[in-house]
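Structure data follow from query-v1.pdb (PDB, C-alpha atoms):
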```pdb
ATOM      1  CA  MET A   5     115.227  90.680  73.976
ATOM      2  CA  LYS A   6     113.119  87.721  74.991
ATOM      3  CA  PRO A   7     110.718  88.363  77.878
ATOM      4  CA  LEU A   8     111.515  86.657  81.170
ATOM      5  CA  ILE A   9     109.433  83.590  81.942
ATOM      6  CA  TYR A  10     109.212  84.924  85.522
ATOM      7  CA  ASN A  11     107.099  87.815  84.214
ATOM      8  CA  LEU A  12     104.183  85.463  83.641
ATOM      9  CA  GLY A  13     101.537  84.680  86.218
ATOM     10  CA  ARG A  14      99.850  81.307  86.394
ATOM     11  CA  LEU A  15      96.915  82.327  84.187
ATOM     12  CA  GLU A  16      99.284  83.811  81.601
ATOM     13  CA  LEU A  17     101.149  80.501  81.474
ATOM     14  CA  GLU A  18      97.841  78.790  80.717
ATOM     15  CA  THR A  19      97.357  81.172  77.795
ATOM     16  CA  VAL A  20     100.845  80.345  76.481
ATOM     17  CA  CYS A  21     100.089  76.636  76.695
ATOM     18  CA  ALA A  22      96.785  77.114  74.863
ATOM     19  CA  GLU A  23      98.587  79.006  72.091
ATOM     20  CA  HIS A  24     100.744  75.898  71.575
ATOM     21  CA  ASP A  25      97.763  73.516  71.659
ATOM     22  CA  GLN A  26      98.700  72.204  75.093
ATOM     23  CA  PRO A  27      96.223  71.399  77.894
ATOM     24  CA  ARG A  28      95.849  73.711  80.872
ATOM     25  CA  PHE A  29      97.589  71.348  83.307
ATOM     26  CA  ARG A  30     100.874  71.962  81.478
ATOM     27  CA  ALA A  31     100.936  75.460  82.998
ATOM     28  CA  GLY A  32     100.889  73.908  86.467
ATOM     29  CA  GLN A  33     103.783  71.647  85.502
ATOM     30  CA  ILE A  34     105.824  74.606  84.235
ATOM     31  CA  TRP A  35     105.004  76.584  87.383
ATOM     32  CA  ARG A  36     106.238  73.774  89.643
ATOM     33  CA  TRP A  37     109.414  73.341  87.624
ATOM     34  CA  LEU A  38     110.102  77.042  87.981
ATOM     35  CA  TYR A  39     109.233  77.627  91.637
ATOM     36  CA  VAL A  40     109.281  74.248  93.405
ATOM     37  CA  GLN A  41     112.045  72.393  91.572
ATOM     38  CA  ARG A  42     113.631  75.746  90.627
ATOM     39  CA  VAL A  43     115.261  74.420  87.478
ATOM     40  CA  THR A  44     117.535  76.656  85.424
ATOM     41  CA  GLU A  45     117.267  74.939  82.029
ATOM     42  CA  TRP A  46     114.258  74.210  79.846
ATOM     43  CA  ALA A  47     115.594  70.713  79.135
ATOM     44  CA  ALA A  48     115.210  69.867  82.836
ATOM     45  CA  MET A  49     111.396  70.075  82.554
ATOM     46  CA  ARG A  50     111.254  66.399  81.695
ATOM     47  CA  ASN A  51     107.513  65.824  81.825
ATOM     48  CA  LEU A  52     106.817  68.495  79.172
ATOM     49  CA  PRO A  53     106.613  67.527  75.488
ATOM     50  CA  ALA A  54     109.824  68.326  73.637
ATOM     51  CA  SER A  55     107.883  70.591  71.273
ATOM     52  CA  LEU A  56     106.637  72.697  74.190
ATOM     53  CA  ARG A  57     110.107  72.938  75.705
ATOM     54  CA  ARG A  58     111.451  74.163  72.367
ATOM     55  CA  ALA A  59     108.657  76.700  72.020
ATOM     56  CA  LEU A  60     109.284  78.034  75.528
ATOM     57  CA  ALA A  61     113.021  78.298  74.902
ATOM     58  CA  GLU A  62     112.421  80.198  71.677
ATOM     59  CA  SER A  63     109.946  82.623  73.264
ATOM     60  CA  PHE A  64     111.135  83.207  76.845
ATOM     61  CA  LEU A  65     114.344  83.684  78.777
ATOM     62  CA  LEU A  66     114.985  81.499  81.818
ATOM     63  CA  PRO A  67     117.757  83.564  83.419
ATOM     64  CA  GLU A  68     120.883  82.162  84.970
ATOM     65  CA  PRO A  69     120.487  82.536  88.755
ATOM     66  CA  GLU A  70     124.195  82.953  89.463
ATOM     67  CA  PRO A  71     124.778  86.533  90.738
ATOM     68  CA  LEU A  72     127.389  88.784  89.181
ATOM     69  CA  ALA A  73     128.996  89.096  92.583
ATOM     70  CA  THR A  74     128.427  88.167  96.202
ATOM     71  CA  GLN A  75     129.978  89.440  99.380
ATOM     72  CA  GLY A  76     129.692  88.139 102.898
ATOM     73  CA  LYS A  77     129.845  84.732 104.523
ATOM     74  CA  PRO A  78     127.163  82.138 103.681
ATOM     75  CA  ASP A  79     125.848  81.971 107.254
ATOM     76  CA  GLU A  80     125.817  85.742 107.735
ATOM     77  CA  THR A  81     124.305  88.744 105.968
ATOM     78  CA  ARG A  82     125.215  88.431 102.319
ATOM     79  CA  LYS A  83     124.803  90.874  99.473
ATOM     80  CA  LEU A  84     124.120  89.881  95.881
ATOM     81  CA  LEU A  85     124.633  91.829  92.681
ATOM     82  CA  ILE A  86     122.129  90.534  90.129
ATOM     83  CA  GLY A  87     122.903  91.086  86.469
ATOM     84  CA  LEU A  88     120.015  91.954  84.158
ATOM     85  CA  ARG A  89     119.816  91.106  80.475
ATOM     86  CA  ASP A  90     120.325  94.708  79.328
ATOM     87  CA  GLY A  91     123.613  95.053  81.233
ATOM     88  CA  GLU A  92     122.128  96.821  84.243
ATOM     89  CA  CYS A  93     122.335  95.331  87.726
ATOM     90  CA  VAL A  94     120.448  95.467  90.999
ATOM     91  CA  GLU A  95     121.070  94.455  94.574
ATOM     92  CA  ALA A  96     119.457  91.975  96.920
ATOM     93  CA  VAL A  97     120.501  91.261 100.485
ATOM     94  CA  MET A  98     120.199  87.887 102.214
ATOM     95  CA  ILE A  99     119.729  88.165 105.978
ATOM     96  CA  PRO A 100     119.692  84.811 107.805
ATOM     97  CA  ALA A 101     118.637  84.354 111.421
ATOM     98  CA  ALA A 102     117.972  81.396 113.669
ATOM     99  CA  ASP A 103     114.341  81.046 112.648
ATOM    100  CA  ARG A 104     114.104  82.860 109.316
ATOM    101  CA  ARG A 105     115.723  83.710 105.997
ATOM    102  CA  THR A 106     114.890  87.285 105.041
ATOM    103  CA  LEU A 107     115.565  88.624 101.558
ATOM    104  CA  CYS A 108     115.635  92.350 100.808
ATOM    105  CA  LEU A 109     114.628  93.107  97.206
ATOM    106  CA  SER A 110     115.121  96.028  94.830
ATOM    107  CA  SER A 111     112.188  97.309  92.770
ATOM    108  CA  GLN A 112     113.911  99.756  90.381
ATOM    109  CA  VAL A 113     117.295 100.344  88.797
ATOM    110  CA  GLY A 114     118.155 103.474  90.749
ATOM    111  CA  CYS A 115     115.577 105.714  92.383
ATOM    112  CA  ARG A 116     114.103 109.116  91.592
ATOM    113  CA  PHE A 117     113.123 110.169  95.124
ATOM    114  CA  HIS A 118     116.593 111.256  96.286
ATOM    115  CA  CYS A 119     116.328 110.848 100.051
ATOM    116  CA  ALA A 120     119.365 112.637 101.447
ATOM    117  CA  PHE A 121     120.804 109.737 103.465
ATOM    118  CA  CYS A 122     120.137 106.967 100.923
ATOM    119  CA  ALA A 123     122.606 105.831  98.264
ATOM    120  CA  SER A 124     119.837 104.446  96.033
ATOM    121  CA  GLY A 125     119.127 107.730  94.285
ATOM    122  CA  GLN A 126     122.662 109.081  94.233
ATOM    123  CA  GLY A 127     123.496 107.305  90.975
ATOM    124  CA  GLY A 128     120.290 108.474  89.320
ATOM    125  CA  TYR A 129     117.231 106.630  88.116
ATOM    126  CA  GLN A 130     117.661 104.289  85.143
ATOM    127  CA  ARG A 131     114.445 102.307  84.714
ATOM    128  CA  GLN A 132     111.722 100.222  86.298
ATOM    129  CA  LEU A 133     112.278  96.581  87.057
ATOM    130  CA  GLU A 134     109.970  94.096  85.437
ATOM    131  CA  ALA A 135     108.084  91.762  87.761
ATOM    132  CA  GLY A 136     110.244  88.908  86.516
ATOM    133  CA  GLU A 137     113.429  90.800  87.360
ATOM    134  CA  ILE A 138     112.198  91.150  90.934
ATOM    135  CA  VAL A 139     111.434  87.429  91.039
ATOM    136  CA  GLN A 140     114.867  86.741  89.509
ATOM    137  CA  GLN A 141     116.469  88.186  92.656
ATOM    138  CA  VAL A 142     114.544  85.665  94.733
ATOM    139  CA  MET A 143     115.610  82.766  92.536
ATOM    140  CA  SER A 144     119.260  83.769  92.936
ATOM    141  CA  ALA A 145     118.865  83.727  96.706
ATOM    142  CA  CYS A 146     117.135  80.334  96.505
ATOM    143  CA  MET A 147     120.161  78.948  94.677
ATOM    144  CA  LEU A 148     122.601  80.218  97.299
ATOM    145  CA  TRP A 149     120.503  79.243 100.309
ATOM    146  CA  GLY A 150     119.406  75.942  98.811
ATOM    147  CA  ASP A 151     115.927  76.872  99.989
ATOM    148  CA  ARG A 152     113.336  79.607  99.569
ATOM    149  CA  PRO A 153     113.322  82.748 101.737
ATOM    150  CA  THR A 154     110.875  82.706 104.624
ATOM    151  CA  HIS A 155     110.419  86.491 104.597
ATOM    152  CA  ILE A 156     110.578  89.148 101.855
ATOM    153  CA  VAL A 157     111.088  92.889 102.315
ATOM    154  CA  TYR A 158     110.841  95.348  99.414
ATOM    155  CA  MET A 159     113.379  97.709 100.959
ATOM    156  CA  GLY A 160     116.236  97.633  98.464
ATOM    157  CA  VAL A 161     117.011 100.067  95.675
ATOM    158  CA  GLY A 162     113.990 101.952  94.342
ATOM    159  CA  GLU A 163     110.542 103.011  95.529
ATOM    160  CA  PRO A 164     108.129 100.049  95.286
ATOM    161  CA  PHE A 165     105.021 102.213  94.852
ATOM    162  CA  ASP A 166     106.709 104.024  91.960
ATOM    163  CA  ASN A 167     106.658 100.625  90.230
ATOM    164  CA  TYR A 168     103.381  99.463  91.729
ATOM    165  CA  ASP A 169     102.076  97.026  89.111
ATOM    166  CA  ALA A 170     105.340  95.096  88.715
ATOM    167  CA  VAL A 171     105.812  94.903  92.488
ATOM    168  CA  LEU A 172     102.292  93.562  93.093
ATOM    169  CA  THR A 173     102.674  91.068  90.250
ATOM    170  CA  SER A 174     105.896  89.795  91.822
ATOM    171  CA  VAL A 175     104.228  89.626  95.252
ATOM    172  CA  ARG A 176     101.486  87.386  93.859
ATOM    173  CA  THR A 177     104.074  85.112  92.239
ATOM    174  CA  LEU A 178     106.039  84.784  95.475
ATOM    175  CA  ASN A 179     102.865  84.247  97.497
ATOM    176  CA  ASN A 180     101.364  81.588  95.209
ATOM    177  CA  GLY A 181     100.854  78.423  97.256
ATOM    178  CA  ASP A 182     101.645  76.101  94.344
ATOM    179  CA  GLY A 183     105.116  77.608  94.023
ATOM    180  CA  LEU A 184     107.315  79.435  96.504
ATOM    181  CA  GLY A 185     104.377  79.876  98.865
ATOM    182  CA  ILE A 186     105.773  82.781 100.906
ATOM    183  CA  GLY A 187     102.971  83.941 103.197
ATOM    184  CA  ALA A 188     101.541  87.390 102.542
ATOM    185  CA  ARG A 189     102.099  88.404 106.162
ATOM    186  CA  ARG A 190     105.761  87.566 105.701
ATOM    187  CA  ILE A 191     106.070  90.022 102.806
ATOM    188  CA  THR A 192     106.673  93.694 103.601
ATOM    189  CA  ILE A 193     106.418  96.558 101.121
ATOM    190  CA  SER A 194     108.242  99.705 102.171
ATOM    191  CA  THR A 195     107.477 103.177 100.810
ATOM    192  CA  CYS A 196     109.055 106.590 101.281
ATOM    193  CA  GLY A 197     105.513 107.963 101.533
ATOM    194  CA  VAL A 198     103.881 107.664  98.098
ATOM    195  CA  VAL A 199     100.269 108.208  99.164
ATOM    196  CA  PRO A 200      98.539 106.885  96.000
ATOM    197  CA  GLY A 201     100.393 103.587  96.473
ATOM    198  CA  ILE A 202      99.204 103.308 100.075
ATOM    199  CA  GLU A 203      95.652 103.982  98.926
ATOM    200  CA  ARG A 204      95.863 101.354  96.184
ATOM    201  CA  LEU A 205      97.361  98.758  98.506
ATOM    202  CA  ALA A 206      94.474  99.245 100.942
ATOM    203  CA  GLU A 207      92.146  97.921  98.228
ATOM    204  CA  GLU A 208      94.212  94.849  97.329
ATOM    205  CA  SER A 209      93.016  91.426  98.410
ATOM    206  CA  ILE A 210      96.373  90.452  99.884
ATOM    207  CA  GLN A 211      97.501  90.942 103.470
ATOM    208  CA  VAL A 212     101.080  92.070 103.034
ATOM    209  CA  GLU A 213     102.766  94.246 105.632
ATOM    210  CA  LEU A 214     103.192  97.978 105.014
ATOM    211  CA  SER A 215     106.262  99.898 106.135
ATOM    212  CA  VAL A 216     106.455 103.698 105.786
ATOM    213  CA  SER A 217     109.684 105.685 105.941
ATOM    214  CA  LEU A 218     108.945 108.698 108.148
ATOM    215  CA  HIS A 219     112.315 109.835 109.551
ATOM    216  CA  ALA A 220     111.052 113.120 111.021
ATOM    217  CA  SER A 221     108.209 114.567 113.052
ATOM    218  CA  SER A 222     108.132 117.981 111.340
ATOM    219  CA  ASP A 223     107.602 118.900 107.706
ATOM    220  CA  ALA A 224     110.663 121.155 107.691
ATOM    221  CA  VAL A 225     113.034 118.382 108.726
ATOM    222  CA  ARG A 226     111.343 115.693 106.643
ATOM    223  CA  THR A 227     111.397 117.837 103.499
ATOM    224  CA  ALA A 228     115.126 118.464 103.988
ATOM    225  CA  LEU A 229     115.722 114.717 104.288
ATOM    226  CA  MET A 230     113.047 113.456 101.899
ATOM    227  CA  PRO A 231     111.904 115.624  98.962
ATOM    228  CA  VAL A 232     108.792 113.425  98.620
ATOM    229  CA  ASN A 233     107.423 115.372 101.597
ATOM    230  CA  LYS A 234     106.857 118.376  99.313
ATOM    231  CA  THR A 235     104.230 116.361  97.454
ATOM    232  CA  TRP A 236     102.760 114.434 100.380
ATOM    233  CA  PRO A 237     103.521 116.215 103.675
ATOM    234  CA  ILE A 238     103.251 114.439 106.998
ATOM    235  CA  ASP A 239      99.579 115.244 107.688
ATOM    236  CA  THR A 240      98.570 113.950 104.253
ATOM    237  CA  LEU A 241     100.732 110.857 104.626
ATOM    238  CA  LEU A 242      99.438 109.984 108.089
ATOM    239  CA  ALA A 243      95.837 110.519 106.984
ATOM    240  CA  ALA A 244      96.402 107.910 104.264
ATOM    241  CA  CYS A 245      97.999 105.605 106.836
ATOM    242  CA  ARG A 246      95.025 105.938 109.180
ATOM    243  CA  ALA A 247      92.646 105.161 106.333
ATOM    244  CA  TYR A 248      94.788 102.154 105.391
ATOM    245  CA  ALA A 249      94.749 100.832 108.974
ATOM    246  CA  GLU A 250      90.980 101.281 109.211
ATOM    247  CA  ARG A 251      90.386  99.598 105.849
ATOM    248  CA  THR A 252      92.720  96.625 106.403
ATOM    249  CA  GLY A 253      92.933  96.225 110.174
ATOM    250  CA  ARG A 254      96.717  95.980 109.757
ATOM    251  CA  ILE A 255      99.413  97.542 111.930
ATOM    252  CA  ILE A 256     101.787  99.889 110.064
ATOM    253  CA  THR A 257     105.519  99.981 110.708
ATOM    254  CA  PHE A 258     107.135 103.413 110.563
ATOM    255  CA  GLU A 259     110.842 103.497 109.753
ATOM    256  CA  TYR A 260     112.781 106.255 111.487
ATOM    257  CA  THR A 261     116.513 106.721 110.880
ATOM    258  CA  LEU A 262     118.197 108.385 113.856
ATOM    259  CA  ILE A 263     120.528 111.196 112.747
ATOM    260  CA  ARG A 264     122.604 113.024 115.322
ATOM    261  CA  ASP A 265     121.351 116.540 116.111
ATOM    262  CA  VAL A 266     118.823 116.370 113.268
ATOM    263  CA  ASN A 267     115.880 114.248 114.421
ATOM    264  CA  ASP A 268     117.023 112.397 117.548
ATOM    265  CA  SER A 269     116.216 114.686 120.484
ATOM    266  CA  GLU A 270     113.761 113.904 123.257
ATOM    267  CA  ALA A 271     111.570 116.710 121.897
ATOM    268  CA  ASP A 272     111.600 114.985 118.487
ATOM    269  CA  ALA A 273     110.450 111.761 120.147
ATOM    270  CA  HIS A 274     107.573 113.494 121.922
ATOM    271  CA  ALA A 275     106.528 115.221 118.686
ATOM    272  CA  LEU A 276     106.632 111.885 116.873
ATOM    273  CA  ALA A 277     104.498 110.270 119.561
ATOM    274  CA  ARG A 278     101.880 112.998 119.189
ATOM    275  CA  ARG A 279     101.813 112.467 115.433
ATOM    276  CA  LEU A 280     101.252 108.713 115.836
ATOM    277  CA  ALA A 281      98.771 108.835 118.707
ATOM    278  CA  ASN A 282      95.855 106.410 118.264
ATOM    279  CA  LEU A 283      97.321 105.001 115.042
ATOM    280  CA  PRO A 284      97.888 101.201 115.100
ATOM    281  CA  CYS A 285     101.622 101.169 114.498
ATOM    282  CA  ARG A 286     105.113 100.308 115.613
ATOM    283  CA  VAL A 287     108.284 102.351 115.103
ATOM    284  CA  ASN A 288     111.467 100.818 113.761
ATOM    285  CA  LEU A 289     114.429 102.995 114.773
ATOM    286  CA  ILE A 290     117.387 102.563 112.425
ATOM    287  CA  PRO A 291     121.027 103.565 112.938
ATOM    288  CA  LEU A 292     122.179 105.805 110.101
ATOM    289  CA  SER A 293     124.393 104.011 107.570
ATOM    290  CA  ASP A 294     127.384 105.993 106.329
ATOM    291  CA  VAL A 295     126.815 107.344 102.820
ATOM    292  CA  PRO A 296     129.626 109.479 101.311
ATOM    293  CA  GLU A 297     127.182 112.010  99.851
ATOM    294  CA  PHE A 298     125.515 112.696 103.223
ATOM    295  CA  GLU A 299     127.319 114.436 106.053
ATOM    296  CA  GLY A 300     124.992 113.282 108.836
ATOM    297  CA  LYS A 301     126.210 111.065 111.670
ATOM    298  CA  PRO A 302     124.470 108.252 113.563
ATOM    299  CA  SER A 303     122.907 109.102 116.897
ATOM    300  CA  SER A 304     124.809 108.082 119.999
ATOM    301  CA  PRO A 305     123.616 104.975 121.871
ATOM    302  CA  ALA A 306     122.547 107.224 124.744
ATOM    303  CA  ALA A 307     120.420 109.393 122.443
ATOM    304  CA  ALA A 308     118.846 106.320 120.835
ATOM    305  CA  ASP A 309     118.011 104.889 124.260
ATOM    306  CA  LEU A 310     116.475 108.183 125.375
ATOM    307  CA  PHE A 311     114.419 108.328 122.159
ATOM    308  CA  ILE A 312     113.005 104.832 122.695
ATOM    309  CA  ARG A 313     112.143 105.540 126.321
ATOM    310  CA  ALA A 314     110.407 108.790 125.388
ATOM    311  CA  LEU A 315     108.249 106.919 122.848
ATOM    312  CA  ALA A 316     107.484 104.172 125.353
ATOM    313  CA  GLU A 317     106.272 106.754 127.861
ATOM    314  CA  GLN A 318     103.687 107.785 125.256
ATOM    315  CA  HIS A 319     102.729 104.132 124.622
ATOM    316  CA  ILE A 320     104.413 103.929 121.226
ATOM    317  CA  ASN A 321     105.990 100.525 120.564
ATOM    318  CA  ALA A 322     109.527 101.072 119.249
ATOM    319  CA  THR A 323     112.593  98.917 118.666
ATOM    320  CA  LEU A 324     116.138  99.752 117.575
ATOM    321  CA  ARG A 325     117.082  97.729 114.528
ATOM    322  CA  ALA A 326     120.641  96.514 114.159
ATOM    323  CA  SER A 327     122.097  97.477 110.782
ATOM    324  CA  LYS A 328     122.804  94.228 108.926
ATOM    325  CA  GLY A 329     124.203  95.561 105.693
ATOM    326  CA  SER A 330     126.244  98.689 106.243
ATOM    327  CA  GLY A 331     129.463  96.807 106.945
ATOM    328  CA  LEU A 332     129.091  95.072 103.592
ATOM    329  CA  GLU A 333     128.150  98.232 101.691
ATOM    330  CA  ALA A 334     124.794  96.461 101.339
ATOM    331  CA  ALA A 335     122.667  99.317 102.611
ATOM    332  CA  CYS A 336     120.673 101.466 100.212
ATOM    333  CA  GLY A 337     122.354 100.940  96.869
ATOM    334  CA  GLN A 338     126.000 101.047  97.893
ATOM    335  CA  LEU A 339     127.021  97.809  96.175
ATOM    336  CA  ARG A 340     125.554  98.822  92.837
ATOM    337  CA  ALA A 341     127.203 102.248  93.084
ATOM    338  CA  LYS A 342     130.572 100.617  93.747
ATOM    339  CA  HIS A 343     130.126  98.217  90.838
ATOM    340  CA  ARG A 344     129.247 101.042  88.439
TER     341      ARG A 344
END
```

Could you take the file, read its structure, and then write that structure out as structure tokens?
Amino acid sequence: MKPLIYNLGRLELETVCAEHDQPRFRAGQIWRWLYVQRVTEWAAMRNLPASLRRALAESFLLPEPEPLATQGKPDETRKLLIGLRDGECVEAVMIPAADRRTLCLSSQVGCRFHCAFCASGQGGYQRQLEAGEIVQQVMSACMLWGDRPTHIVYMGVGEPFDNYDAVLTSVRTLNNGDGLGIGARRITISTCGVVPGIERLAEESIQVELSVSLHASSDAVRTALMPVNKTWPIDTLLAACRAYAERTGRIITFEYTLIRDVNDSEADAHALARRLANLPCRVNLIPLSDVPEFEGKPSSPAAADLFIRALAEQHINATLRASKGSGLEAACGQLRAKHR
């Protein structure tokens, strides 16, 4: 199979142009056709020599941005099923608001971390996504919106730090000011708690946001919900988070799914507050989305309110996030599972 043109960074495009005896500025022209004009055919790159267009077409795939399927109304949360060239597919979710267009991206085909309440890993892990396949999701959303996303969250199917290099390559493509130009602080990478990824990200020269899925204040509960806790228990994870905050000066967002009678008591909130004391952070409380393989139930509104107030009393900033995708089966891999 031909490699995706979206796999290439700007410097790699310059190398391709040099291999075809073309000047360096041709790479900038290709880049703008791809990410500013967002063309879908090589023939549309009119200011390139015909010989270069032919060489690009013979060597690289410029994928069709049309999704395999979409669900949801154009002005509301909308899920996309993106077909890949080997027959696999991944999900992306478009979340519009008054002042932003947020796109949730997948980083793997399936997931091998098997969090109990997440549909991503229920169908098993298939393979990593290439950087270009992550970018391809963005280009599909651009086609449907008629504009670029303003915000990107790597919170779809897969664990981004389990595919670190491809994810960071895609981040740099999306962030490039000569193309899509999505600001680094408007890009969030979410992890289930892969400590080496947090440590690597702390050393990167890009100010993306970090989100960490915590979901419990005790190792016993977190291990039952998230097997990753066996490898990196809470103390180890939070130590890496503190080091990250000190190194970058960035605030960390902790994701916490409220599950009735599992992790949503007032005592759980106080224990969580003690864990996060003196750590620059905010807590994103999430209503549990129904997943057939998980028997847990969402917390009641009263329990969620009590949880937030208990955190506030300990000076922990917390908000309750409205679920945007569960009604569309857009949460955590459900669309791909249905398609399969």

Residues near Ser209 of chain A, anyone? I mean within 12 Å using all atoms listed in the file, not counting same-chain ones fewer than 3 positions away, as a PDB file with C-alpha atoms, keeping the file's coordinate frame.
```pdb
ATOM      1  CA  LEU A 172     102.292  93.562  93.093  1.00  0.00           C
ATOM      2  CA  VAL A 175     104.228  89.626  95.252  1.00  0.00           C
ATOM      3  CA  ARG A 176     101.486  87.386  93.859  1.00  0.00           C
ATOM      4  CA  ALA A 188     101.541  87.390 102.542  1.00  0.00           C
ATOM      5  CA  ARG A 204      95.863 101.354  96.184  1.00  0.00           C
ATOM      6  CA  LEU A 205      97.361  98.758  98.506  1.00  0.00           C
ATOM      7  CA  ALA A 206      94.474  99.245 100.942  1.00  0.00           C
ATOM      8  CA  VAL A 212     101.080  92.070 103.034  1.00  0.00           C
ATOM      9  CA  ARG A 251      90.386  99.598 105.849  1.00  0.00           C
ATOM     10  CA  THR A 252      92.720  96.625 106.403  1.00  0.00           C
TER      11      THR A 252
END
```

Given the PyMOL selection byres ((chain A and resi 261-265) around 8), the residues it picks as a list in words | His219, Glu259, Tyr260, Val266, Asn267, Asp268, Ser269, Leu289, Ile290, Pro291, Leu292, Gly300, Lys301, Pro302, Ser303, Ser304 and Ala308 of chain A

For this file, the PyMOL selection byres ((chain A and resi 53-60) around 12) selects which residues, as a PyMOL selection string?
-> chain A and resi 6-9+17+20-27+30-31+33-34+37+45-52+61-66

With all atoms listed in the file counted, which protein, DNA or RNA residues have an atom no more than 8 Å from (125.9, 89.6, 101.3) in the file frame? Please answer as an MDAnalysis selection string.
-> chainID A and resid 74:78 80:84 97:99 329 332 334

Calculate how many Å separate atom CA of His155 of chain A from atom CA of Ala96 of chain A, rounding to one decimal.
->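 Interatomic distance, atom CA of His155 of chain A to atom CA of Ala96 of chain A: 13.1 Å.
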
Can you pull out every residue within 12 Å of Arg152 of chain A, counting all atoms listed in the file, but drop anything in the same chain fewer than 4 positions away, and send it as a list in words?
->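 That gives Tyr39, Val40, Gln41, Arg42, Met98, Pro100, Arg104, Arg105, Thr106, Leu107, Val139, Gln141, Val142, Met143, Ser144, Ala145, Cys146, Met147, Leu148, Ile156, Leu178, Asn179, Gly183, Leu184, Gly185, Ile186 and Gly187 of chain A.
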
Could you name the residues that touch segment 157-169 of chain A at 10 Å or less, counting all atoms listed in the file, but leaving out those on the same chain fewer than 5 positions away, as an NGL selection string?
-> :A and (94-97 or 106-118 or 122-125 or 129 or 131-135 or 138 or 174-175 or 190-202 or 204-205 or 213-215 or 334-338 or 340)

Pairwise distance for atom CA of Glu317 of chain A and atom CA of Arg246 of chain A, rounded to one decimal in Å =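 So the answer is 21.8 Å.
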
Between atom CA of Asp90 of chain A and atom CA of Ala73 of chain A, what is the spacing in Å?
->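 Here the two named atoms are 16.8 Å from each other.
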
Starting from the shown file, work through the PyMOL selection byres ((chain A and resi 274-287) around 7) and note down what comes out as a ChimeraX atom specification.
-> /A:221,246,249,255-260,270-273,288-289,314-315,318,320-323

Nearest to Ile210 of chain A among A:Ala102, A:Arg254, A:Leu85, A:Ala228, with distances taken over all atoms listed in the file: which residue is it?
->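 For Ile210 of chain A, the nearest of the candidates is A:Arg254.
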